[in-house]
>>> print(open('final.txt').read())   # compact mmCIF, C-alpha atoms
# COMPACT_ATOMS: atom_id res chain seq x y z
CA MET A 1 51.69 78.60 85.92
CA ASN A 2 52.61 78.14 82.25
CA PRO A 3 55.14 80.90 81.65
CA ALA A 4 54.77 82.82 78.41
CA TYR A 5 58.03 84.58 79.11
CA ASP A 6 60.45 85.38 81.89
CA ARG A 7 60.89 88.92 83.08
CA PHE A 8 64.60 89.56 83.41
CA LEU A 9 65.68 92.14 85.98
CA ARG A 10 69.16 93.56 85.92
CA GLY A 11 70.32 95.59 88.87
CA VAL A 12 73.35 97.80 88.57
CA LEU A 13 74.78 98.33 92.05
CA LEU A 14 76.79 101.51 92.43
CA ASN A 15 77.05 103.64 95.58
CA ASN A 16 73.86 102.05 96.96
CA PHE A 17 71.89 103.20 93.90
CA LYS A 18 69.98 100.51 92.04
CA THR A 19 68.32 100.76 88.63
CA PHE A 20 66.48 98.05 86.75
CA ASP A 21 66.34 97.46 83.05
CA GLU A 22 63.54 95.05 82.15
CA LYS A 23 63.95 92.65 79.24
CA MET A 24 62.13 89.47 78.18
CA ILE A 25 63.39 85.92 77.87
CA PHE A 26 60.91 83.52 76.29
CA GLY A 27 60.23 80.10 77.78
CA ASN A 28 62.32 78.15 75.28
CA GLN A 29 65.47 80.18 75.98
CA THR A 30 67.99 78.72 78.41
CA SER A 31 70.48 81.59 78.56
CA PHE A 32 70.74 85.36 78.30
CA THR A 33 73.71 87.55 77.37
CA ASP A 34 74.05 91.06 78.77
CA ASN A 35 76.26 93.01 76.37
CA ASP A 36 75.97 96.35 78.16
CA THR A 37 78.32 95.94 81.13
CA GLU A 38 81.57 97.39 82.47
CA ALA A 39 84.43 95.38 83.94
CA GLY A 40 84.65 95.43 87.72
CA ARG A 41 81.14 96.73 88.39
CA VAL A 42 78.72 94.53 90.29
CA TYR A 43 75.55 93.51 88.45
CA SER A 44 72.70 91.62 90.10
CA TYR A 45 70.29 89.46 88.12
CA ALA A 46 66.93 87.95 89.00
CA ILE A 47 64.03 86.36 87.06
CA GLN A 48 60.23 86.38 87.33
CA SER A 49 57.94 84.17 85.25
CA VAL A 50 54.84 85.63 83.60
CA ASP A 51 52.00 83.47 82.20
CA PHE A 52 49.56 84.22 79.36
CA GLU A 53 47.09 85.82 81.79
CA GLY A 54 49.72 88.20 83.10
CA ASN A 55 50.21 86.52 86.47
CA ILE A 56 53.69 87.12 87.81
CA SER A 57 55.63 84.74 90.02
CA SER A 58 57.83 85.78 92.91
CA MET A 59 61.32 86.90 92.01
CA THR A 60 64.28 84.54 92.30
CA LEU A 61 67.09 85.39 94.66
CA PRO A 62 69.46 87.83 92.94
CA LEU A 63 72.84 86.62 91.69
CA SER A 64 75.73 89.10 91.81
CA ILE A 65 78.23 88.91 88.94
CA ILE A 66 81.26 91.02 88.07
CA PRO A 67 82.23 91.12 84.38
CA ALA A 68 85.90 90.42 83.79
CA GLY A 69 88.38 92.86 82.27
CA GLU A 70 90.26 96.01 83.19
CA ILE A 71 88.37 98.38 85.48
CA LYS A 72 87.95 101.93 84.22
CA TRP A 73 86.84 103.68 87.42
CA ASP A 74 87.60 103.69 91.13
CA LEU A 75 85.18 101.11 92.53
CA THR A 76 84.03 99.58 95.83
CA TRP A 77 82.91 95.97 96.27
CA LYS A 78 80.58 95.82 99.25
CA LYS A 79 79.88 93.01 101.67
CA SER A 80 76.21 93.20 100.72
CA TYR A 81 77.09 92.06 97.17
CA SER A 82 78.44 88.73 98.46
CA PRO A 83 78.98 86.18 97.12
CA ILE A 84 80.47 87.94 94.09
CA GLN A 85 80.97 85.62 91.11
CA ILE A 86 84.11 86.08 88.95
CA SER A 87 84.38 84.15 85.67
CA GLY A 88 87.43 85.80 84.07
CA ASP A 89 90.44 88.02 84.74
CA ILE A 90 90.10 91.19 86.83
CA LYS A 91 92.79 93.85 86.37
CA ILE A 92 93.28 97.06 88.34
CA PRO A 93 95.35 99.33 86.07
CA VAL A 94 97.72 102.08 87.16
CA GLY A 95 95.78 105.09 88.44
CA ARG A 96 92.70 103.10 89.54
CA THR A 97 91.69 101.94 93.03
CA LEU A 98 89.49 99.02 94.01
CA THR A 99 88.22 98.95 97.61
CA ILE A 100 86.83 95.71 99.07
CA GLU A 101 84.79 95.92 102.26
CA ALA A 102 85.35 93.67 105.27
CA GLY A 103 83.27 90.50 105.09
CA THR A 104 83.07 90.47 101.28
CA GLU A 105 83.27 87.02 99.65
CA ILE A 106 84.65 86.77 96.10
CA VAL A 107 84.21 83.45 94.28
CA PHE A 108 86.42 82.62 91.28
CA LYS A 109 85.31 80.07 88.68
CA ASP A 110 87.69 77.24 87.87
CA THR A 111 87.90 78.31 84.20
CA ASP A 112 88.61 81.67 82.58
CA GLU A 113 85.70 82.14 80.20
CA GLY A 114 87.53 84.97 78.41
CA ARG A 115 90.77 83.00 77.89
CA THR A 116 92.92 86.10 78.60
CA GLY A 117 95.87 87.15 80.76
CA PHE A 118 99.11 85.40 81.75
CA ARG A 119 97.21 82.15 82.38
CA PRO A 120 94.40 81.92 79.78
CA GLN A 121 92.84 78.87 81.40
CA GLU A 122 92.55 80.33 84.91
CA CYS A 123 90.92 83.40 86.45
CA GLU A 124 93.52 85.97 87.55
CA PHE A 125 93.36 88.96 89.88
CA ILE A 126 96.03 91.43 88.70
CA VAL A 127 96.87 94.62 90.58
CA GLU A 128 98.97 97.29 88.88
CA GLY A 129 97.14 100.17 90.56
CA THR A 130 95.82 100.09 94.12
CA LEU A 131 93.85 97.43 95.98
CA LEU A 132 92.43 98.21 99.43
CA ALA A 133 91.15 94.98 100.98
CA GLU A 134 90.91 95.45 104.75
CA GLY A 135 88.96 92.77 106.54
CA THR A 136 88.75 92.13 110.26
CA GLN A 137 89.37 89.00 112.32
CA GLU A 138 85.62 88.53 112.59
CA GLU A 139 84.92 89.44 108.95
CA PRO A 140 87.88 88.72 106.67
CA VAL A 141 87.83 89.41 102.95
CA ARG A 142 87.51 85.98 101.32
CA MET A 143 88.84 85.13 97.84
CA ILE A 144 87.93 81.51 97.24
CA SER A 145 87.39 78.84 94.58
CA GLY A 146 83.96 78.34 93.07
CA ALA A 147 84.77 74.90 91.62
CA PRO A 148 82.20 72.16 92.26
CA PHE A 149 85.02 70.06 93.76
CA PRO A 150 87.60 72.60 95.02
CA GLY A 151 91.29 71.91 94.42
CA ARG A 152 94.62 73.68 94.81
CA LYS A 153 94.77 75.14 91.28
CA ASP A 154 91.22 76.28 90.56
CA TRP A 155 92.18 79.91 89.91
CA ASP A 156 95.53 81.64 89.46
CA GLY A 157 95.53 83.88 92.54
CA LEU A 158 96.24 87.51 93.41
CA ARG A 159 99.20 89.25 91.72
CA ILE A 160 100.48 92.60 92.99
CA LEU A 161 102.72 94.15 90.32
CA THR A 162 104.81 97.28 90.34
CA GLY A 163 102.82 100.22 88.99
CA VAL A 164 103.72 103.84 88.31
CA ASN A 165 102.71 106.49 90.88
CA ASP A 166 100.18 104.14 92.42
CA ASP A 167 99.13 104.48 96.06
CA LYS A 168 100.05 101.77 98.52
CA THR A 169 98.06 98.55 98.26
CA VAL A 170 96.69 97.35 101.61
CA LEU A 171 95.81 93.73 102.41
CA LYS A 172 94.69 92.94 105.94
CA ASN A 173 92.73 89.96 107.23
CA VAL A 174 92.36 88.35 103.82
CA LEU A 175 91.73 84.64 103.17
CA ILE A 176 92.83 83.19 99.81
CA ALA A 177 91.75 79.61 99.02
CA GLY A 178 91.95 77.19 96.09
CA ALA A 179 94.52 79.23 94.12
CA GLU A 180 97.57 77.93 92.30
CA ASN A 181 99.56 80.97 93.52
CA GLY A 182 97.71 82.50 96.45
CA LEU A 183 99.60 85.82 96.52
CA VAL A 184 102.42 86.82 94.18
CA LEU A 185 104.38 89.99 94.99
CA ARG A 186 106.32 91.84 92.32
CA SER A 187 106.06 95.15 94.12
CA SER A 188 107.51 96.52 97.36
CA ASN A 189 104.78 99.09 97.82
CA ALA A 190 102.20 97.20 99.88
CA ASP A 191 100.99 96.99 103.48
CA ILE A 192 100.30 93.28 104.04
CA SER A 193 99.36 91.55 107.28
CA ASP A 194 97.15 88.77 108.64
CA ILE A 195 96.91 86.83 105.38
CA SER A 196 95.69 83.21 105.37
CA PHE A 197 96.20 80.69 102.57
CA ARG A 198 94.05 77.59 102.52
CA PHE A 199 94.27 74.68 100.09
CA CYS A 200 96.57 76.55 97.65
CA ASP A 201 99.39 75.05 95.62
CA THR A 202 101.74 77.89 96.63
CA GLY A 203 100.73 80.32 99.34
CA LEU A 204 103.09 83.29 98.97
CA GLY A 205 105.64 84.09 96.26
CA ALA A 206 107.91 87.17 96.10
CA PHE A 207 110.06 88.19 93.13
CA GLN A 208 112.50 91.14 92.95
CA VAL A 209 110.94 92.63 96.08
CA LYS A 210 112.97 94.89 98.38
CA ASN A 211 112.21 96.02 101.93
CA GLN A 212 108.69 94.60 101.84
CA VAL A 213 107.29 93.63 105.25
CA VAL A 214 104.67 90.87 105.37
CA GLU A 215 103.30 90.08 108.83
CA ASN A 216 101.24 87.26 110.31
CA ILE A 217 101.03 84.73 107.48
CA SER A 218 99.34 81.35 107.90
CA ALA A 219 98.98 78.45 105.48
CA GLU A 220 96.74 75.41 105.82
CA GLU A 221 96.88 72.36 103.51
CA CYS A 222 99.06 74.11 100.92
CA ASN A 223 101.77 72.34 98.93
>>> encode(input="final.txt", output="structure tokens")
Amino acid sequence: MNPAYDRFLRGVLLNNFKTFDEKMIFGNQTSFTDNDTEAGRVYSYAIQSVDFEGNISSMTLPLSIIPAGEIKWDLTWKKSYSPIQISGDIKIPVGRTLTIEAGTEIVFKDTDEGRTGFRPQECEFIVEGTLLAEGTQEEPVRMISGAPFPGRKDWDGLRILTGVNDDKTVLKNVLIAGAENGLVLRSSNADISDISFRFCDTGLGAFQVKNQVVENISAEECN
């Protein structure tokens, strides 16, 4: 098949509802930019090739990507979206809640393409509102490095900061790997248990935290 163009399919995944917006990428193009996205939402992308006679190839496997930035709505990241690719900073502002299903895998690139946040070179996960990430022993929530050769400082890590009138953040059965600072606490309003750090520079850091209980912490190959 000599492709005349590629059919680009963009799936917006929200509450199990999927819509497709078809666009064209011609054969000599090597990239495509989607300028109509919202931070924190999951978008799936796939490509089909079409030749001059109109024959259409099978569709590639979809790739799920989450645009970086500050989320504007209460959102849920589902296990079925895994692996979710993150290439910049994700921020949950005060008044917003992000829920992550058990078994969900979130993969952070080793560079922040947006060059934003406290650490412009690294992807950051910043929580000022509410994060509900409740995995199970069989299906933990996984936040891991997407570097070709994973190291201990590939992404910044998860920061839980003190918000205003935010509900309690819950982290249970969560694995954090390849982060410079696996979990940083600057808030005492969190329910945290069964957290594993693997191949991080620092596993857990706590600053100006009072009466915060953290149960069942394990660290493997961390500095």
>>> residues_around(input="final.txt", residues="A:Ile144", least_positions_apart="4", cutoff="10 Å", atoms="only C-alpha atoms", output="PyMOL selection string")
chain A and resi 105-109+150+154-155+157+175-179+182+197-200
>>> closest_atom_pairs(input="final.txt", of="stretch 164-202 of chain A", to="stretch 206-216 of chain A", cutoff="9 Å", atoms="only C-alpha atoms", output="tab-separated table")
residue	atom	partner	partner_atom	distance
A:Leu183	CA	A:Ala206	CA	8.4
A:Val184	CA	A:Ala206	CA	5.8
A:Leu185	CA	A:Ala206	CA	4.7
A:Arg186	CA	A:Phe207	CA	5.3
A:Ser187	CA	A:Val209	CA	5.8
A:Ser188	CA	A:Gln212	CA	5.0
A:Asn189	CA	A:Gln212	CA	7.2
A:Ala190	CA	A:Gln212	CA	7.3
A:Asp191	CA	A:Val213	CA	7.4
A:Ile192	CA	A:Val214	CA	5.2
A:Ser193	CA	A:Glu215	CA	4.5
A:Asp194	CA	A:Asn216	CA	4.7
A:Ile195	CA	A:Asn216	CA	6.6
A:Ser196	CA	A:Asn216	CA	8.5
>>> atom_distance(input="final.txt", atom1="atom CA of A:Glu53", atom2="atom CA of A:Thr33")
27.0 Å
>>> closest_residue(input="final.txt", among="A:Gly135, A:Pro120, A:Gly88, A:Gly146", to="A:Lys172", atoms="only C-alpha atoms")
A:Gly135
>>> closest_residue(input="final.txt", among="A:Ala219, A:Met143, A:Leu161, A:Ile71", to="A:Thr37", atoms="only C-alpha atoms")
A:Ile71
>>> atom_distance(input="final.txt", atom1="atom CA of A:Ile92", atom2="atom CA of A:Glu220")
28.0 Å
>>> closest_residue(input="final.txt", among="A:Arg142, A:Lys153, A:Arg115, A:Lys78", to="A:Leu171", atoms="all atoms listed in the file")
A:Arg142
>>> residues_around(input="final.txt", residues="A:Asn181", least_positions_apart="6", cutoff="7 Å", atoms="all atoms listed in the file", output="count of residues only")
7
>>> residues_around(input="final.txt", residues="A:Thr104", least_positions_apart="6", cutoff="12 Å", atoms="all atoms listed in the file", output="JSON, numbers by chain")
{"A": [76, 77, 78, 79, 80, 81, 82, 83, 84, 85, 133, 134, 135, 136, 138, 139, 140, 141, 142, 143, 144, 173, 174, 175]}
>>> atom_distance(input="final.txt", atom1="atom CA of A:Pro62", atom2="atom CA of A:Ser87")
17.0 Å
>>> closest_residue(input="final.txt", among="A:Leu131, A:Ala102, A:Cys123, A:Ile160", to="A:Glu180", atoms="all atoms listed in the file")
A:Cys123
>>> residues_around(input="final.txt", residues="A:Ile65", least_positions_apart="2", cutoff="7 Å", atoms="all atoms listed in the file", output="list in words")
Val42, Tyr43, Ser44, Leu63, Pro67, Ile84, Gln85 and Ile86 of chain A
